[in-house]
$ cat model_26.cif   # mmCIF, C-alpha atoms
data_query
#
loop_
_atom_site.group_PDB
_atom_site.id
_atom_site.type_symbol
_atom_site.label_atom_id
_atom_site.label_comp_id
_atom_site.auth_asym_id
_atom_site.auth_seq_id
_atom_site.Cartn_x
_atom_site.Cartn_y
_atom_site.Cartn_z
ATOM 1 C CA MET A 1 12.908 17.177 -18.280
ATOM 2 C CA GLY A 2 13.856 15.004 -21.270
ATOM 3 C CA GLY A 3 16.997 16.982 -22.038
ATOM 4 C CA TRP A 4 18.127 16.700 -18.443
ATOM 5 C CA ILE A 5 17.541 12.955 -18.418
ATOM 6 C CA MET A 6 19.438 12.476 -21.709
ATOM 7 C CA LEU A 7 22.469 14.261 -20.251
ATOM 8 C CA LEU A 8 22.369 12.280 -17.004
ATOM 9 C CA LEU A 9 22.153 9.006 -18.951
ATOM 10 C CA ALA A 10 25.008 10.018 -21.261
ATOM 11 C CA LEU A 11 27.154 10.777 -18.216
ATOM 12 C CA ARG A 12 26.250 7.487 -16.568
ATOM 13 C CA HIS A 13 26.738 5.350 -19.715
ATOM 14 C CA PRO A 14 29.316 7.161 -21.884
ATOM 15 C CA THR A 15 30.274 4.082 -23.906
ATOM 16 C CA ARG A 16 26.653 3.365 -24.838
ATOM 17 C CA VAL A 17 25.696 6.831 -26.114
ATOM 18 C CA ALA A 18 26.992 7.931 -29.521
ATOM 19 C CA GLY A 19 25.159 11.250 -29.781
ATOM 20 C CA LEU A 20 22.456 13.376 -28.203
ATOM 21 C CA VAL A 21 19.610 15.405 -29.693
ATOM 22 C CA GLY A 22 17.616 17.629 -27.377
ATOM 23 C CA ALA A 23 14.571 19.796 -28.019
ATOM 24 C CA ALA A 24 14.132 22.681 -25.575
ATOM 25 C CA ALA A 25 16.572 20.957 -23.227
ATOM 26 C CA ALA A 26 16.367 22.433 -19.747
ATOM 27 C CA PRO A 27 18.697 20.785 -17.267
ATOM 28 C CA ASP A 28 18.274 22.031 -13.717
ATOM 29 C CA PHE A 29 14.742 23.261 -14.478
ATOM 30 C CA VAL A 30 13.795 22.543 -10.867
ATOM 31 C CA LEU A 31 15.766 25.636 -9.879
ATOM 32 C CA ARG A 32 13.574 27.822 -12.118
ATOM 33 C CA TRP A 33 10.450 26.067 -10.890
ATOM 34 C CA TRP A 34 11.425 26.637 -7.246
ATOM 35 C CA GLU A 35 12.306 30.286 -7.858
ATOM 36 C CA GLY A 36 8.983 30.770 -9.658
ATOM 37 C CA CYS A 37 6.880 29.266 -6.880
ATOM 38 C CA THR A 38 4.357 31.565 -5.301
ATOM 39 C CA VAL A 39 4.057 31.906 -1.539
ATOM 40 C CA GLU A 40 0.972 29.686 -1.712
ATOM 41 C CA GLN A 41 2.758 27.005 -3.721
ATOM 42 C CA ARG A 42 5.689 26.948 -1.315
ATOM 43 C CA ALA A 43 3.287 26.690 1.607
ATOM 44 C CA ALA A 44 1.561 23.740 -0.092
ATOM 45 C CA LEU A 45 4.925 22.067 -0.656
ATOM 46 C CA GLU A 46 5.803 22.477 3.004
ATOM 47 C CA SER A 47 2.425 21.315 4.325
ATOM 48 C CA THR A 48 1.364 18.608 1.856
ATOM 49 C CA GLY A 49 4.538 17.871 -0.100
ATOM 50 C CA PHE A 50 3.059 18.894 -3.456
ATOM 51 C CA PHE A 51 1.161 21.456 -5.485
ATOM 52 C CA MET A 52 -0.573 21.409 -8.854
ATOM 53 C CA ARG A 53 1.070 23.547 -11.540
ATOM 54 C CA PRO A 54 -1.046 24.616 -14.523
ATOM 55 C CA SER A 55 0.025 23.231 -17.891
ATOM 56 C CA ARG A 56 -0.067 25.028 -21.236
ATOM 57 C CA TYR A 57 -0.341 21.675 -22.975
ATOM 58 C CA SER A 58 -3.096 19.862 -21.123
ATOM 59 C CA GLU A 59 -6.190 20.537 -19.078
ATOM 60 C CA GLU A 60 -4.563 18.392 -16.419
ATOM 61 C CA PRO A 61 -2.029 20.286 -14.304
ATOM 62 C CA TYR A 62 1.445 18.994 -13.453
ATOM 63 C CA LEU A 63 1.897 17.432 -10.053
ATOM 64 C CA VAL A 64 5.007 19.084 -8.570
ATOM 65 C CA THR A 65 6.296 17.335 -5.464
ATOM 66 C CA MET A 66 8.831 18.333 -2.887
ATOM 67 C CA HIS A 67 10.525 15.008 -3.662
ATOM 68 C CA LEU A 68 10.972 16.037 -7.329
ATOM 69 C CA LEU A 69 12.468 19.373 -6.336
ATOM 70 C CA LYS A 70 14.822 17.873 -3.743
ATOM 71 C CA GLU A 71 15.850 14.973 -5.979
ATOM 72 C CA GLY A 72 16.420 17.419 -8.825
ATOM 73 C CA HIS A 73 18.801 19.402 -6.658
ATOM 74 C CA ARG A 74 20.889 16.243 -6.225
ATOM 75 C CA HIS A 75 21.414 16.044 -10.000
ATOM 76 C CA LEU A 76 22.197 19.615 -11.004
ATOM 77 C CA LEU A 77 24.460 19.895 -14.051
ATOM 78 C CA MET A 78 24.914 23.601 -14.725
ATOM 79 C CA GLY A 79 27.329 24.327 -11.885
ATOM 80 C CA ASP A 80 31.044 25.091 -11.914
ATOM 81 C CA ILE A 81 32.122 21.832 -13.571
ATOM 82 C CA PRO A 82 31.584 21.414 -17.339
ATOM 83 C CA ILE A 83 29.194 18.640 -18.350
ATOM 84 C CA GLY A 84 31.538 15.851 -19.422
ATOM 85 C CA VAL A 85 29.412 14.338 -22.178
ATOM 86 C CA ALA A 86 31.629 12.267 -24.464
ATOM 87 C CA CYS A 87 29.632 12.528 -27.701
ATOM 88 C CA PRO A 88 28.282 15.060 -30.219
ATOM 89 C CA VAL A 89 25.267 17.055 -29.046
ATOM 90 C CA ARG A 90 22.557 18.785 -31.095
ATOM 91 C CA LEU A 91 20.177 21.167 -29.364
ATOM 92 C CA LEU A 92 17.056 22.516 -31.066
ATOM 93 C CA HIS A 93 15.192 25.421 -29.532
ATOM 94 C CA GLY A 94 12.051 27.216 -30.653
ATOM 95 C CA LEU A 95 12.239 30.992 -30.635
ATOM 96 C CA ARG A 96 8.631 31.075 -29.392
ATOM 97 C CA ASP A 97 9.230 28.720 -26.482
ATOM 98 C CA PRO A 98 7.316 30.188 -23.522
ATOM 99 C CA ASP A 99 8.686 27.629 -21.053
ATOM 100 C CA VAL A 100 12.436 27.467 -21.558
ATOM 101 C CA PRO A 101 14.278 30.719 -22.266
ATOM 102 C CA LEU A 102 16.560 30.707 -25.308
ATOM 103 C CA GLN A 103 19.475 31.575 -23.017
ATOM 104 C CA VAL A 104 19.189 28.113 -21.439
ATOM 105 C CA ALA A 105 20.098 26.447 -24.762
ATOM 106 C CA VAL A 106 23.072 28.748 -25.262
ATOM 107 C CA ALA A 107 24.285 28.300 -21.678
ATOM 108 C CA LEU A 108 23.911 24.526 -21.993
ATOM 109 C CA ALA A 109 25.912 24.447 -25.227
ATOM 110 C CA GLU A 110 28.671 26.464 -23.576
ATOM 111 C CA HIS A 111 28.634 24.216 -20.506
ATOM 112 C CA ILE A 112 29.037 20.912 -22.371
ATOM 113 C CA ALA A 113 32.704 19.928 -22.439
ATOM 114 C CA HIS A 114 32.591 18.128 -25.821
ATOM 115 C CA ASP A 115 33.667 20.273 -28.790
ATOM 116 C CA ASP A 116 30.985 19.019 -31.187
ATOM 117 C CA VAL A 117 27.910 20.885 -29.917
ATOM 118 C CA GLU A 118 25.446 22.730 -32.145
ATOM 119 C CA VAL A 119 22.387 24.821 -31.309
ATOM 120 C CA THR A 120 19.655 25.213 -33.929
ATOM 121 C CA LEU A 121 17.172 28.028 -33.387
ATOM 122 C CA VAL A 122 13.764 27.393 -34.902
ATOM 123 C CA LYS A 123 11.914 30.528 -35.909
ATOM 124 C CA GLY A 124 8.264 30.212 -34.939
ATOM 125 C CA GLY A 125 8.914 27.008 -33.020
ATOM 126 C CA ASP A 126 7.409 26.604 -29.559
ATOM 127 C CA HIS A 127 8.442 24.446 -26.614
ATOM 128 C CA ARG A 128 7.308 21.163 -28.098
ATOM 129 C CA LEU A 129 8.541 21.761 -31.662
ATOM 130 C CA SER A 130 5.587 19.727 -32.880
ATOM 131 C CA ARG A 131 4.659 21.460 -36.134
ATOM 132 C CA PRO A 132 5.263 19.284 -39.222
ATOM 133 C CA GLN A 133 8.263 21.387 -40.297
ATOM 134 C CA ASP A 134 9.709 21.185 -36.765
ATOM 135 C CA LEU A 135 9.405 17.407 -36.733
ATOM 136 C CA SER A 136 11.014 17.216 -40.185
ATOM 137 C CA ARG A 137 13.903 19.366 -38.954
ATOM 138 C CA LEU A 138 14.285 17.205 -35.865
ATOM 139 C CA LEU A 139 14.405 14.031 -37.957
ATOM 140 C CA ALA A 140 16.953 15.597 -40.311
ATOM 141 C CA VAL A 141 19.156 16.489 -37.340
ATOM 142 C CA VAL A 142 18.895 12.941 -35.981
ATOM 143 C CA ASP A 143 19.665 11.474 -39.427
ATOM 144 C CA ALA A 144 22.693 13.745 -39.907
ATOM 145 C CA LEU A 145 24.019 12.979 -36.441
ATOM 146 C CA CYS A 146 23.598 9.242 -36.986
ATOM 147 C CA ALA A 147 25.354 9.461 -40.359
ATOM 148 C CA GLY A 148 28.242 11.371 -38.791
ATOM 149 C CA VAL A 149 28.588 8.913 -35.938
ATOM 150 C CA ALA A 150 28.542 5.940 -38.325
ATOM 151 C CA GLU A 151 31.522 7.286 -40.303
#
$ encode --input "model_26.cif" --output "structure tokens"
Amino acid sequence: MGGWIMLLLALRHPTRVAGLVGAAAAPDFVLRWWEGCTVEQRAALESTGFFMRPSRYSEEPYLVTMHLLKEGHRHLLMGDIPIGVACPVRLLHGLRDPDVPLQVAVALAEHIAHDDVEVTLVKGGDHRLSRPQDLSRLLAVVDALCAGVAE
């Protein structure tokens, strides 16, 4: 969700954003969530307006609401129009990410209109890129992007 929010904010405030760094960015993830819903989950959405989705990262499940899914559909970015972000973009993606397919990072990079877009694939990295070496890589990417923007 963070990658989607960063893109929406960059589109809304282009003069205030000098660069973007996303880890496992997954704009339009609500489409994948909806398509992956079971019959029971869809029935719960229709009857109660929500269902609980298991999380790989916590004992507490995610609360998925019909409002989230509908609101998400109002902010889709991966359609026919390129994403008009007006700044450099760096996308990091773990090759062992079980939640966001690698193809999403590649498709996102292709869909961003700005020419300065790079995708870094992290061997052994998972969705959260939280190993010490992943965090070091992420900080190095942020530092390099900041240095390039400051020039």
$ residues_near_point --input "model_26.cif" --point "(35.7, 17.7, -26.6)" --cutoff "9 Å" --atoms "all atoms listed in the file" --output "VMD selection string"
chain A and resid 84 to 88 112 to 116
$ atom_distance --input "model_26.cif" --atom1 "atom CA of Ile81 of chain A" --atom2 "atom CA of Glu110 of chain A"
11.6 Å
$ atom_distance --input "model_26.cif" --atom1 "atom CA of Leu92 of chain A" --atom2 "atom CA of Val106 of chain A"
10.4 Å
$ resolve_selection --input "model_26.cif" --expression "the PyMOL selection byres ((chain A and resi 32) around 12)" --output "short mmCIF file (atom, residue, chain, number, x, y, z; two decimals) with C-alpha atoms, in the frame of the given file"
data_model
loop_
_atom_site.label_atom_id
_atom_site.label_comp_id
_atom_site.auth_asym_id
_atom_site.auth_seq_id
_atom_site.Cartn_x
_atom_site.Cartn_y
_atom_site.Cartn_z
CA ALA A 26 16.37 22.43 -19.75
CA PRO A 27 18.70 20.78 -17.27
CA ASP A 28 18.27 22.03 -13.72
CA PHE A 29 14.74 23.26 -14.48
CA VAL A 30 13.80 22.54 -10.87
CA LEU A 31 15.77 25.64 -9.88
CA TRP A 33 10.45 26.07 -10.89
CA TRP A 34 11.42 26.64 -7.25
CA GLU A 35 12.31 30.29 -7.86
CA GLY A 36 8.98 30.77 -9.66
CA CYS A 37 6.88 29.27 -6.88
CA LEU A 69 12.47 19.37 -6.34
CA GLY A 72 16.42 17.42 -8.82
CA HIS A 73 18.80 19.40 -6.66
CA LEU A 76 22.20 19.61 -11.00
CA ASP A 99 8.69 27.63 -21.05
CA VAL A 100 12.44 27.47 -21.56
CA PRO A 101 14.28 30.72 -22.27
CA VAL A 104 19.19 28.11 -21.44
#
$ residues_around --input "model_26.cif" --residues "Val39 of chain A" --least-positions-apart "6" --cutoff "12 Å" --atoms "all atoms listed in the file" --output "ChimeraX atom specification"
/A:45-46,51
$ decode --input "model_26.cif" --residues "segment 121-133 of chain A" --atoms "C-alpha atoms" --output "PDB file, in the first residue's frame"
ATOM      1  CA  LEU A 121      16.105  -6.764  -7.681  1.00  0.00           C
ATOM      2  CA  VAL A 122      17.255  -8.063  -4.319  1.00  0.00           C
ATOM      3  CA  LYS A 123      18.287 -11.696  -4.339  1.00  0.00           C
ATOM      4  CA  GLY A 124      16.964 -13.405  -1.225  1.00  0.00           C
ATOM      5  CA  GLY A 125      14.911 -10.366  -0.268  1.00  0.00           C
ATOM      6  CA  ASP A 126      11.307 -10.854   0.818  1.00  0.00           C
ATOM      7  CA  HIS A 127       8.337  -8.493   0.779  1.00  0.00           C
ATOM      8  CA  ARG A 128       9.495  -6.336   3.656  1.00  0.00           C
ATOM      9  CA  LEU A 129      13.188  -6.158   2.705  1.00  0.00           C
ATOM     10  CA  SER A 130      13.993  -6.035   6.404  1.00  0.00           C
ATOM     11  CA  ARG A 131      17.253  -7.981   6.618  1.00  0.00           C
ATOM     12  CA  PRO A 132      20.237  -5.810   7.628  1.00  0.00           C
ATOM     13  CA  GLN A 133      21.718  -5.955   4.111  1.00  0.00           C
TER      14      GLN A 133
END
